[in-house]
$ cat data_17.cif   # mmCIF, C-alpha atoms
data_my_file
loop_
_atom_site.label_atom_id
_atom_site.label_comp_id
_atom_site.auth_asym_id
_atom_site.auth_seq_id
_atom_site.Cartn_x
_atom_site.Cartn_y
_atom_site.Cartn_z
CA MET D 1 96.01 95.74 115.25
CA SER D 2 95.59 98.24 112.44
CA GLY D 3 93.41 96.18 110.09
CA ALA D 4 93.76 96.04 106.33
CA ALA D 5 95.00 99.15 104.56
CA ARG D 6 92.34 100.80 102.41
CA HIS D 7 94.52 103.58 101.00
CA VAL D 8 98.25 103.27 100.34
CA ALA D 9 100.29 106.27 99.20
CA ILE D 10 103.77 105.75 97.76
CA ILE D 11 106.74 108.06 97.26
CA THR D 12 108.33 106.33 94.27
CA ASP D 13 111.90 107.45 94.88
CA GLY D 14 115.13 106.27 93.26
CA ASN D 15 114.57 106.12 89.50
CA GLY D 16 117.54 108.36 88.72
CA ARG D 17 119.95 106.52 91.02
CA TRP D 18 118.77 103.19 89.60
CA ALA D 19 119.63 104.36 86.08
CA GLN D 20 122.97 105.87 87.06
CA ALA D 21 124.03 102.69 88.83
CA ARG D 22 123.52 100.86 85.52
CA GLY D 23 125.15 103.48 83.33
CA LEU D 24 121.80 104.35 81.75
CA PRO D 25 120.23 107.74 81.01
CA VAL D 26 117.97 109.04 83.79
CA ALA D 27 115.00 108.78 81.40
CA GLU D 28 115.46 104.99 81.34
CA GLY D 29 115.14 104.95 85.12
CA HIS D 30 111.85 106.81 84.86
CA ARG D 31 110.61 104.33 82.24
CA ALA D 32 111.54 101.39 84.47
CA GLY D 33 109.83 103.15 87.37
CA ALA D 34 106.65 103.68 85.33
CA ASP D 35 106.56 99.95 84.55
CA VAL D 36 106.75 99.20 88.27
CA VAL D 37 103.93 101.66 89.03
CA LYS D 38 101.71 99.75 86.61
CA ASP D 39 102.67 96.38 88.10
CA ARG D 40 102.15 97.47 91.71
CA LEU D 41 98.81 99.05 90.79
CA ARG D 42 97.65 95.66 89.56
CA ASP D 43 99.01 94.05 92.73
CA ALA D 44 97.09 96.60 94.80
CA VAL D 45 93.85 95.51 93.12
CA GLU D 46 94.59 91.86 93.92
CA LEU D 47 95.54 92.74 97.51
CA GLY D 48 92.22 94.48 98.15
CA ILE D 49 93.52 98.04 98.34
CA ARG D 50 90.81 100.52 97.37
CA GLU D 51 92.93 103.63 96.79
CA LEU D 52 96.53 103.96 95.62
CA THR D 53 98.33 107.28 95.30
CA VAL D 54 101.74 107.74 93.67
CA TYR D 55 103.96 110.82 93.63
CA SER D 56 104.54 111.27 89.90
CA PHE D 57 105.87 114.83 89.57
CA SER D 58 106.21 117.41 92.32
CA THR D 59 106.04 121.18 92.17
CA GLU D 60 109.76 121.12 93.02
CA ASN D 61 110.64 118.78 90.14
CA TRP D 62 110.50 121.72 87.72
CA ASN D 63 113.94 122.59 89.14
CA ARG D 64 115.46 119.49 87.54
CA PRO D 65 117.44 119.79 84.27
CA ALA D 66 115.17 120.90 81.41
CA GLU D 67 116.09 117.80 79.39
CA GLU D 68 114.90 115.51 82.20
CA VAL D 69 111.65 117.45 82.68
CA THR D 70 110.93 117.33 78.92
CA ALA D 71 111.57 113.57 78.84
CA LEU D 72 109.31 113.06 81.85
CA MET D 73 106.46 115.02 80.28
CA ARG D 74 106.80 113.11 77.01
CA MET D 75 106.81 109.77 78.80
CA PHE D 76 103.83 110.75 80.96
CA SER D 77 101.85 111.63 77.85
CA GLU D 78 102.81 108.38 76.09
CA ARG D 79 101.84 106.29 79.10
CA LEU D 80 98.59 108.14 79.56
CA LEU D 81 97.49 107.61 75.98
CA GLY D 82 98.73 104.03 75.79
CA GLU D 83 97.62 102.67 79.16
CA THR D 84 94.33 104.42 79.94
CA PRO D 85 92.30 101.98 77.78
CA GLU D 86 93.87 99.03 79.67
CA LEU D 87 93.20 100.61 83.04
CA LYS D 88 89.62 101.34 82.00
CA GLU D 89 89.11 97.65 81.16
CA GLU D 90 90.63 96.64 84.50
CA GLY D 91 88.20 98.77 86.53
CA VAL D 92 90.70 101.45 87.58
CA ARG D 93 89.42 104.98 88.20
CA MET D 94 92.10 107.59 87.52
CA ARG D 95 92.33 110.91 89.34
CA PHE D 96 95.03 113.55 88.97
CA ILE D 97 95.83 115.85 91.88
CA GLY D 98 98.01 118.92 91.68
CA ARG D 99 98.22 122.36 90.16
CA ARG D 100 97.44 122.81 86.47
CA ASP D 101 99.71 125.79 85.87
CA ARG D 102 102.93 125.18 83.89
CA VAL D 103 101.52 121.94 82.43
CA ALA D 104 101.14 122.00 78.64
CA PRO D 105 97.50 122.40 77.52
CA ALA D 106 97.71 119.26 75.38
CA LEU D 107 98.81 117.20 78.38
CA LEU D 108 96.04 118.71 80.53
CA GLU D 109 93.54 117.62 77.88
CA GLN D 110 94.93 114.09 77.99
CA MET D 111 94.65 114.01 81.78
CA ASP D 112 91.04 115.21 81.61
CA TRP D 113 90.33 112.56 78.97
CA ALA D 114 91.82 109.78 81.11
CA GLN D 115 89.75 110.88 84.10
CA ALA D 116 86.57 111.00 82.04
CA GLU D 117 87.25 107.61 80.43
CA THR D 118 87.64 105.89 83.80
CA ALA D 119 85.21 107.98 85.89
CA HIS D 120 82.67 105.19 86.38
CA ASN D 121 85.15 102.50 87.46
CA ASP D 122 85.15 101.44 91.09
CA ARG D 123 87.60 98.57 91.58
CA ILE D 124 90.35 100.94 92.74
CA THR D 125 90.95 104.68 92.57
CA PHE D 126 94.43 105.51 91.29
CA PHE D 127 95.43 109.01 92.36
CA VAL D 128 98.39 110.43 90.45
CA ALA D 129 100.06 113.39 92.18
CA PHE D 130 101.28 115.41 89.20
CA ASN D 131 102.66 118.93 89.51
CA TYR D 132 101.74 118.35 93.13
CA GLY D 133 102.95 119.84 96.39
CA GLY D 134 101.40 119.37 99.81
CA ARG D 135 101.95 122.99 100.82
CA ALA D 136 100.56 124.18 97.49
CA GLU D 137 97.43 122.11 98.04
CA ILE D 138 96.89 123.58 101.50
CA LEU D 139 97.53 127.12 100.25
CA ASP D 140 95.13 126.66 97.33
CA ALA D 141 92.43 125.41 99.70
CA ALA D 142 93.13 128.17 102.25
CA GLU D 143 92.57 130.86 99.63
CA ARG D 144 88.97 129.66 99.21
CA TYR D 145 88.28 128.62 102.81
CA GLN D 146 85.62 130.70 104.55
CA GLY D 147 85.37 128.79 107.80
CA GLY D 148 83.39 125.77 108.90
CA GLY D 149 85.98 123.43 110.37
CA GLU D 150 88.04 120.52 109.08
CA GLU D 151 85.40 118.94 106.86
CA ALA D 152 84.69 122.25 105.13
CA PHE D 153 88.43 122.65 104.51
CA ARG D 154 88.79 119.07 103.25
CA ARG D 155 86.14 119.74 100.60
CA LEU D 156 88.49 122.35 99.12
CA LEU D 157 91.42 119.94 98.66
CA TYR D 158 92.30 118.62 95.19
CA ALA D 159 90.45 115.32 95.73
CA PRO D 160 87.90 115.75 98.55
CA GLU D 161 86.77 112.14 98.10
CA MET D 162 90.23 110.77 98.91
CA HIS D 163 90.42 108.88 102.19
CA ASP D 164 93.41 109.66 104.39
CA PRO D 165 96.22 107.19 103.57
CA ASP D 166 96.49 104.37 106.06
CA LEU D 167 100.05 103.72 104.96
CA VAL D 168 102.77 105.76 103.24
CA ILE D 169 105.64 103.82 101.67
CA ARG D 170 108.85 105.52 100.57
CA THR D 171 111.53 103.69 98.64
CA SER D 172 115.27 104.33 98.16
CA GLY D 173 116.23 104.57 101.85
CA GLU D 174 115.30 108.24 102.26
CA GLN D 175 113.18 109.00 105.31
CA ARG D 176 111.17 112.16 104.73
CA MET D 177 107.76 113.17 103.36
CA SER D 178 109.02 115.55 100.65
CA ASN D 179 105.94 117.79 100.68
CA TYR D 180 103.59 114.86 100.00
CA LEU D 181 99.94 114.82 101.11
CA LEU D 182 100.75 116.89 104.19
CA TRP D 183 97.12 117.36 105.22
CA GLN D 184 96.01 113.80 104.52
CA THR D 185 98.92 111.95 106.17
CA ALA D 186 98.59 113.50 109.63
CA TYR D 187 98.03 110.03 111.16
CA SER D 188 99.32 107.74 108.42
CA GLU D 189 101.72 104.93 109.23
CA LEU D 190 105.11 105.28 107.52
CA VAL D 191 107.22 102.47 106.08
CA PHE D 192 110.64 103.22 104.59
CA ARG D 193 112.20 100.71 102.22
CA ASP D 194 115.80 100.55 101.01
CA GLU D 195 114.97 99.40 97.45
CA LEU D 196 115.18 101.96 94.67
CA TRP D 197 111.72 102.29 93.14
CA PRO D 198 112.37 100.19 89.99
CA ASP D 199 113.42 97.34 92.30
CA PHE D 200 110.25 97.51 94.42
CA THR D 201 108.70 94.09 93.88
CA ARG D 202 105.36 92.61 94.84
CA GLU D 203 107.17 90.86 97.70
CA ALA D 204 108.44 94.23 98.98
CA PHE D 205 104.91 95.63 98.67
CA GLU D 206 103.46 92.72 100.64
CA ALA D 207 106.19 93.07 103.29
CA SER D 208 105.26 96.75 103.68
CA LEU D 209 101.60 95.83 104.13
CA GLU D 210 102.53 93.16 106.66
CA GLU D 211 104.53 95.72 108.63
CA TYR D 212 101.50 98.00 108.58
CA ASP D 213 99.30 95.16 109.84
CA ARG D 214 101.54 94.81 112.90
CA ARG D 215 101.12 98.47 113.86
CA VAL D 216 98.63 99.65 116.47
CA ARG D 217 96.92 102.88 115.40
CA ARG D 218 95.61 105.09 118.22
CA PHE D 219 95.04 108.42 116.42
CA GLY D 220 96.17 110.30 119.51
CA GLY D 221 94.23 108.12 121.98
CA ARG D 222 95.45 105.32 124.24
#
$ encode --input "data_17.cif" --output "C-alpha coordinates"
Amino acid sequence: MSGAARHVAIITDGNGRWAQARGLPVAEGHRAGADVVKDRLRDAVELGIRELTVYSFSTENWNRPAEEVTALMRMFSERLLGETPELKEEGVRMRFIGRRDRVAPALLEQMDWAQAETAHNDRITFFVAFNYGGRAEILDAAERYQGGGEEAFRRLLYAPEMHDPDLVIRTSGEQRMSNYLLWQTAYSELVFRDELWPDFTREAFEASLEEYDRRVRRFGGR
(Lines of atoms letter the chains of each structure in order from A and count residues from 1; the text may use other names and numbers.)
(Lines give C-alpha, C1' and ligand atoms only; values in the text may rest on other atoms or scores of the structure.)
Protein backbone atom coordinates (compact mmCIF):
# COMPACT_ATOMS: atom_id res chain seq x y z
CA MET A 1 0.00 0.00 0.00
CA SER A 2 1.07 3.60 -0.49
CA GLY A 3 0.69 4.86 3.09
CA ALA A 4 -0.74 8.22 4.09
CA ALA A 5 -0.18 11.13 1.75
CA ARG A 6 2.16 13.76 3.16
CA HIS A 7 1.93 16.21 0.27
CA VAL A 8 -1.15 16.71 -1.91
CA ALA A 9 -1.06 19.02 -4.94
CA ILE A 10 -4.32 20.12 -6.55
CA ILE A 11 -5.15 21.56 -9.96
CA THR A 12 -8.24 23.55 -9.02
CA ASP A 13 -9.95 23.49 -12.41
CA GLY A 14 -13.48 24.48 -13.37
CA ASN A 15 -14.25 27.83 -11.73
CA GLY A 16 -15.21 29.49 -15.01
CA ARG A 17 -17.45 26.65 -16.18
CA TRP A 18 -19.10 26.53 -12.75
CA ALA A 19 -20.00 30.22 -13.03
CA GLN A 20 -21.17 29.99 -16.63
CA ALA A 21 -23.44 27.05 -15.82
CA ARG A 22 -25.16 29.28 -13.26
CA GLY A 23 -25.32 32.38 -15.42
CA LEU A 24 -22.81 34.16 -13.20
CA PRO A 25 -19.75 36.25 -14.10
CA VAL A 26 -16.50 34.26 -14.24
CA ALA A 27 -15.21 36.30 -11.29
CA GLU A 28 -17.94 34.76 -9.11
CA GLY A 29 -16.65 31.32 -10.01
CA HIS A 30 -13.18 32.32 -8.88
CA ARG A 31 -14.59 33.65 -5.60
CA ALA A 32 -16.48 30.40 -5.00
CA GLY A 33 -13.30 28.50 -5.86
CA ALA A 34 -11.25 30.55 -3.38
CA ASP A 35 -13.76 29.69 -0.64
CA VAL A 36 -13.31 26.00 -1.42
CA VAL A 37 -9.50 26.33 -1.31
CA LYS A 38 -9.79 27.71 2.21
CA ASP A 39 -12.18 24.96 3.30
CA ARG A 40 -10.09 22.13 1.84
CA LEU A 41 -6.94 23.61 3.40
CA ARG A 42 -8.59 23.30 6.79
CA ASP A 43 -9.68 19.76 5.94
CA ALA A 44 -6.09 18.93 4.96
CA VAL A 45 -4.93 19.98 8.43
CA GLU A 46 -7.52 17.73 10.06
CA LEU A 47 -6.63 14.85 7.73
CA GLY A 48 -2.95 14.98 8.69
CA ILE A 49 -1.59 16.31 5.40
CA ARG A 50 1.65 18.21 5.94
CA GLU A 51 1.91 20.06 2.63
CA LEU A 52 -0.82 21.27 0.28
CA THR A 53 -0.13 22.96 -3.05
CA VAL A 54 -2.77 24.66 -5.20
CA TYR A 55 -2.44 25.99 -8.74
CA SER A 56 -3.65 29.57 -8.29
CA PHE A 57 -2.46 31.37 -11.44
CA SER A 58 -0.30 29.96 -14.21
CA THR A 59 2.16 31.67 -16.51
CA GLU A 60 -0.33 30.90 -19.30
CA ASN A 61 -3.26 32.53 -17.49
CA TRP A 62 -2.00 35.97 -18.58
CA ASN A 63 -3.53 35.06 -21.96
CA ARG A 64 -7.05 35.22 -20.50
CA PRO A 65 -9.22 38.32 -21.06
CA ALA A 66 -7.70 41.38 -19.34
CA GLU A 67 -10.89 41.91 -17.33
CA GLU A 68 -10.67 38.40 -15.87
CA VAL A 69 -6.96 38.76 -15.04
CA THR A 70 -7.59 42.11 -13.31
CA ALA A 71 -10.45 40.62 -11.27
CA LEU A 72 -8.28 37.66 -10.29
CA MET A 73 -5.43 39.89 -9.13
CA ARG A 74 -7.82 42.06 -7.11
CA MET A 75 -9.41 39.03 -5.48
CA PHE A 76 -6.02 37.46 -4.73
CA SER A 77 -4.93 40.65 -2.98
CA GLU A 78 -8.17 40.89 -0.97
CA ARG A 79 -7.93 37.27 0.14
CA LEU A 80 -4.28 37.62 1.04
CA LEU A 81 -4.85 40.63 3.24
CA GLY A 82 -8.04 39.31 4.79
CA GLU A 83 -7.13 35.68 5.41
CA THR A 84 -3.43 35.69 6.30
CA PRO A 85 -4.12 36.61 9.96
CA GLU A 86 -6.57 33.67 10.23
CA LEU A 87 -4.12 31.27 8.63
CA LYS A 88 -1.38 32.50 10.94
CA GLU A 89 -3.57 31.71 13.97
CA GLU A 90 -4.34 28.27 12.55
CA GLY A 91 -0.67 27.30 12.22
CA VAL A 92 -0.49 27.49 8.41
CA ARG A 93 2.83 28.40 6.80
CA MET A 94 2.34 30.12 3.45
CA ARG A 95 4.78 29.87 0.55
CA PHE A 96 4.40 31.32 -2.93
CA ILE A 97 6.10 29.65 -5.87
CA GLY A 98 6.39 31.13 -9.33
CA ARG A 99 7.97 33.95 -11.26
CA ARG A 100 7.76 37.48 -9.89
CA ASP A 101 7.82 39.29 -13.22
CA ARG A 102 4.54 40.85 -14.44
CA VAL A 103 3.11 40.81 -10.90
CA ALA A 104 2.34 44.28 -9.51
CA PRO A 105 4.90 45.44 -6.92
CA ALA A 106 2.16 46.07 -4.35
CA LEU A 107 0.93 42.49 -4.68
CA LEU A 108 4.49 41.15 -4.41
CA GLU A 109 4.85 43.09 -1.17
CA GLN A 110 1.66 41.52 0.16
CA MET A 111 2.90 38.04 -0.76
CA ASP A 112 6.21 38.68 1.00
CA TRP A 113 4.30 39.96 4.04
CA ALA A 114 2.09 36.86 4.17
CA GLN A 115 5.13 34.59 3.97
CA ALA A 116 6.92 36.50 6.72
CA GLU A 117 3.83 36.55 8.96
CA THR A 118 3.43 32.77 8.78
CA ALA A 119 7.10 31.73 8.45
CA HIS A 120 7.32 30.10 11.88
CA ASN A 121 4.14 28.01 11.60
CA ASP A 122 4.52 24.26 11.18
CA ARG A 123 1.09 22.63 11.22
CA ILE A 124 0.92 22.58 7.41
CA THR A 125 2.79 24.31 4.60
CA PHE A 126 0.43 25.84 2.04
CA PHE A 127 2.21 26.34 -1.27
CA VAL A 128 0.42 28.69 -3.66
CA ALA A 129 1.58 28.36 -7.28
CA PHE A 130 1.11 31.93 -8.53
CA ASN A 131 2.42 33.13 -11.89
CA TYR A 132 3.76 29.59 -11.98
CA GLY A 133 4.75 27.26 -14.79
CA GLY A 134 6.56 23.95 -14.46
CA ARG A 135 8.72 24.56 -17.52
CA ALA A 136 9.52 28.07 -16.32
CA GLU A 137 10.64 26.69 -12.97
CA ILE A 138 12.94 24.16 -14.61
CA LEU A 139 14.36 26.79 -16.99
CA ASP A 140 14.96 29.22 -14.13
CA ALA A 141 16.80 26.54 -12.17
CA ALA A 142 18.77 25.38 -15.25
CA GLU A 143 20.11 28.89 -15.81
CA ARG A 144 21.84 28.75 -12.41
CA TYR A 145 22.72 25.04 -12.36
CA GLN A 146 26.44 24.31 -12.41
CA GLY A 147 26.35 20.56 -11.99
CA GLY A 148 26.20 18.29 -8.97
CA GLY A 149 23.27 15.99 -9.69
CA GLU A 150 19.59 15.96 -8.82
CA GLU A 151 19.87 17.29 -5.27
CA ALA A 152 21.97 20.24 -6.42
CA PHE A 153 19.34 20.99 -9.08
CA ARG A 154 16.46 20.64 -6.60
CA ARG A 155 18.04 23.31 -4.39
CA LEU A 156 17.56 25.76 -7.27
CA LEU A 157 13.79 25.19 -7.58
CA TYR A 158 11.34 27.79 -6.26
CA ALA A 159 10.75 25.90 -2.98
CA PRO A 160 13.67 23.51 -2.36
CA GLU A 161 12.09 22.39 0.92
CA MET A 162 8.96 21.11 -0.84
CA HIS A 163 8.58 17.33 -0.73
CA ASP A 164 7.53 15.69 -3.98
CA PRO A 165 3.72 15.41 -4.06
CA ASP A 166 2.45 11.96 -3.16
CA LEU A 167 -0.84 12.72 -4.86
CA VAL A 168 -2.01 15.14 -7.55
CA ILE A 169 -5.76 15.77 -7.78
CA ARG A 170 -7.32 17.50 -10.78
CA THR A 171 -10.96 18.50 -10.84
CA SER A 172 -13.40 19.22 -13.70
CA GLY A 173 -12.89 15.98 -15.65
CA GLU A 174 -9.79 17.14 -17.53
CA GLN A 175 -6.91 14.67 -17.50
CA ARG A 176 -3.63 16.52 -17.99
CA MET A 177 -0.93 18.17 -15.88
CA SER A 178 -1.11 21.63 -17.49
CA ASN A 179 2.53 22.53 -16.83
CA TYR A 180 2.19 21.91 -13.08
CA LEU A 181 5.12 20.86 -10.87
CA LEU A 182 6.71 18.93 -13.73
CA TRP A 183 9.94 18.17 -11.84
CA GLN A 184 8.29 17.31 -8.53
CA THR A 185 5.50 15.06 -9.84
CA ALA A 186 7.70 12.56 -11.69
CA TYR A 187 6.37 9.72 -9.49
CA SER A 188 3.21 11.25 -8.05
CA GLU A 189 -0.07 9.35 -8.11
CA LEU A 190 -2.78 11.07 -10.16
CA VAL A 191 -6.48 11.21 -9.34
CA PHE A 192 -8.91 12.89 -11.74
CA ARG A 193 -12.30 14.00 -10.45
CA ASP A 194 -15.35 15.06 -12.46
CA GLU A 195 -16.49 17.79 -10.05
CA LEU A 196 -15.83 21.39 -11.01
CA TRP A 197 -13.56 22.90 -8.37
CA PRO A 198 -16.25 24.89 -6.48
CA ASP A 199 -18.14 21.60 -6.05
CA PHE A 200 -15.13 19.73 -4.62
CA THR A 201 -16.33 18.78 -1.15
CA ARG A 202 -14.57 17.27 1.84
CA GLU A 203 -16.16 13.95 0.85
CA ALA A 204 -14.59 14.21 -2.62
CA PHE A 205 -11.25 15.06 -1.00
CA GLU A 206 -11.46 12.04 1.31
CA ALA A 207 -12.46 9.80 -1.62
CA SER A 208 -9.36 10.98 -3.51
CA LEU A 209 -7.16 10.17 -0.52
CA GLU A 210 -8.79 6.75 -0.18
CA GLU A 211 -8.06 6.05 -3.84
CA TYR A 212 -4.45 7.04 -3.23
CA ASP A 213 -4.29 4.69 -0.23
CA ARG A 214 -5.25 1.77 -2.49
CA ARG A 215 -2.37 2.44 -4.89
CA VAL A 216 0.92 0.55 -4.74
CA ARG A 217 3.88 2.87 -5.35
CA ARG A 218 7.02 1.22 -6.75
CA PHE A 219 9.01 4.25 -7.98
CA GLY A 220 10.26 2.24 -10.94
CA GLY A 221 11.00 -0.93 -8.93
CA ARG A 222 9.01 -4.15 -8.63
$ closest_residue --input "data_17.cif" --among "D:Ala19, D:Ile10, D:Ile169, D:Ala186" --to "Ala207 (chain D)" --atoms "all atoms listed in the file"
D:Ile169
$ residues_around --input "data_17.cif" --residues "Phe192 (chain D)" --least-positions-apart "3" --cutoff "9 Å" --atoms "only C-alpha atoms" --output "PDB file with C-alpha atoms, in the frame of the given file"
ATOM      1  CA  VAL D 168     102.770 105.760 103.240  1.00  0.00           C
ATOM      2  CA  ILE D 169     105.640 103.820 101.670  1.00  0.00           C
ATOM      3  CA  ARG D 170     108.850 105.520 100.570  1.00  0.00           C
ATOM      4  CA  THR D 171     111.530 103.690  98.640  1.00  0.00           C
ATOM      5  CA  SER D 172     115.270 104.330  98.160  1.00  0.00           C
ATOM      6  CA  GLY D 173     116.230 104.570 101.850  1.00  0.00           C
ATOM      7  CA  GLU D 174     115.300 108.240 102.260  1.00  0.00           C
ATOM      8  CA  GLN D 175     113.180 109.000 105.310  1.00  0.00           C
ATOM      9  CA  ARG D 176     111.170 112.160 104.730  1.00  0.00           C
ATOM     10  CA  SER D 208     105.260  96.750 103.680  1.00  0.00           C
TER      11      SER D 208
END
$ closest_atom_pairs --input "data_17.cif" --of "region 173-196 of chain D" --to "region 127-144 of chain D" --cutoff "10 Å" --atoms "all atoms listed in the file" --output "JSON lines"
{"residue": "D:Met177", "atom": "CA", "partner": "D:Gly134", "partner_atom": "CA", "distance": 9.6}
{"residue": "D:Ser178", "atom": "CA", "partner": "D:Gly134", "partner_atom": "CA", "distance": 8.6}
{"residue": "D:Asn179", "atom": "CA", "partner": "D:Gly134", "partner_atom": "CA", "distance": 4.9}
{"residue": "D:Tyr180", "atom": "CA", "partner": "D:Gly134", "partner_atom": "CA", "distance": 5.0}
{"residue": "D:Leu181", "atom": "CA", "partner": "D:Gly134", "partner_atom": "CA", "distance": 5.0}
{"residue": "D:Leu182", "atom": "CA", "partner": "D:Gly134", "partner_atom": "CA", "distance": 5.1}
{"residue": "D:Trp183", "atom": "CA", "partner": "D:Gly134", "partner_atom": "CA", "distance": 7.2}
{"residue": "D:Gln184", "atom": "CA", "partner": "D:Gly134", "partner_atom": "CA", "distance": 9.1}
$ atom_distance --input "data_17.cif" --atom1 "CA of Val8 (chain D)" --atom2 "CA of Ala152 (chain D)"
23.8 Å
$ resolve_selection --input "data_17.cif" --expression "the PyMOL selection byres ((chain D and resi 88) around 10)" --output "PyMOL selection string"
chain D and resi 83-87+89-94+114-115+117-121
$ closest_residue --input "data_17.cif" --among "D:Ala32, D:Val26, D:Leu190, D:Ile97" --to "Glu67 (chain D)" --atoms "only C-alpha atoms"
D:Val26
$ atom_distance --input "data_17.cif" --atom1 "CA of Gly29 (chain D)" --atom2 "CA of Ser56 (chain D)"
13.2 Å
$ closest_residue --input "data_17.cif" --among "D:Arg99, D:Arg123, D:Arg218, D:His7" --to "Val54 (chain D)" --atoms "all atoms listed in the file"
D:His7
$ closest_residue --input "data_17.cif" --among "D:Ala104, D:Thr185, D:Ile49, D:Thr59" --to "Met73 (chain D)" --atoms "only C-alpha atoms"
D:Ala104
$ atom_distance --input "data_17.cif" --atom1 "CA of Gly33 (chain D)" --atom2 "CA of Pro160 (chain D)"
27.7 Å
$ build_atoms --input "data_17.cif" --residues "region 144-161 of chain D" --atoms "N, CA and C atoms" --output "CSV table (one decimal), in the frame of the given file"
chain,number,residue,atom,x,y,z
D,144,ARG,N,90.4,129.7,99.4
D,144,ARG,CA,89.0,129.7,99.2
D,144,ARG,C,88.2,129.4,100.5
D,145,TYR,N,88.9,129.0,101.6
D,145,TYR,CA,88.3,128.6,102.8
D,145,TYR,C,87.6,129.8,103.5
D,146,GLN,N,86.4,129.6,103.9
D,146,GLN,CA,85.6,130.7,104.6
D,146,GLN,C,85.1,130.3,105.9
D,147,GLY,N,85.8,129.3,106.5
D,147,GLY,CA,85.4,128.8,107.8
D,147,GLY,C,84.5,127.5,107.7
D,148,GLY,N,84.3,126.9,108.9
D,148,GLY,CA,83.4,125.8,108.9
D,148,GLY,C,84.0,124.5,109.4
D,149,GLY,N,85.3,124.6,109.8
D,149,GLY,CA,86.0,123.4,110.4
D,149,GLY,C,86.7,122.5,109.4
D,150,GLU,N,87.2,121.4,109.9
D,150,GLU,CA,88.0,120.5,109.1
D,150,GLU,C,87.3,120.0,107.8
D,151,GLU,N,86.1,119.5,108.0
D,151,GLU,CA,85.4,118.9,106.9
D,151,GLU,C,85.2,120.0,105.7
D,152,ALA,N,84.9,121.2,106.1
D,152,ALA,CA,84.7,122.2,105.1
D,152,ALA,C,86.0,122.5,104.4
D,153,PHE,N,87.1,122.4,105.1
D,153,PHE,CA,88.4,122.6,104.5
D,153,PHE,C,88.8,121.5,103.6
D,154,ARG,N,88.5,120.3,104.0
D,154,ARG,CA,88.8,119.1,103.2
D,154,ARG,C,88.1,119.1,101.9
D,155,ARG,N,86.9,119.7,101.9
D,155,ARG,CA,86.1,119.7,100.6
D,155,ARG,C,86.8,120.6,99.6
D,156,LEU,N,87.8,121.4,100.0
D,156,LEU,CA,88.5,122.4,99.1
D,156,LEU,C,89.8,121.8,98.6
D,157,LEU,N,90.2,120.6,99.1
D,157,LEU,CA,91.4,119.9,98.7
D,157,LEU,C,91.2,119.4,97.2
D,158,TYR,N,92.3,119.0,96.6
D,158,TYR,CA,92.3,118.6,95.2
D,158,TYR,C,91.4,117.4,95.0
D,159,ALA,N,91.3,116.5,95.9
D,159,ALA,CA,90.4,115.3,95.7
D,159,ALA,C,89.7,115.1,97.1
D,160,PRO,N,88.6,115.8,97.3
D,160,PRO,CA,87.9,115.8,98.6
D,160,PRO,C,87.4,114.3,98.9
D,161,GLU,N,87.2,113.5,97.9
D,161,GLU,CA,86.8,112.1,98.1
D,161,GLU,C,87.9,111.2,98.6
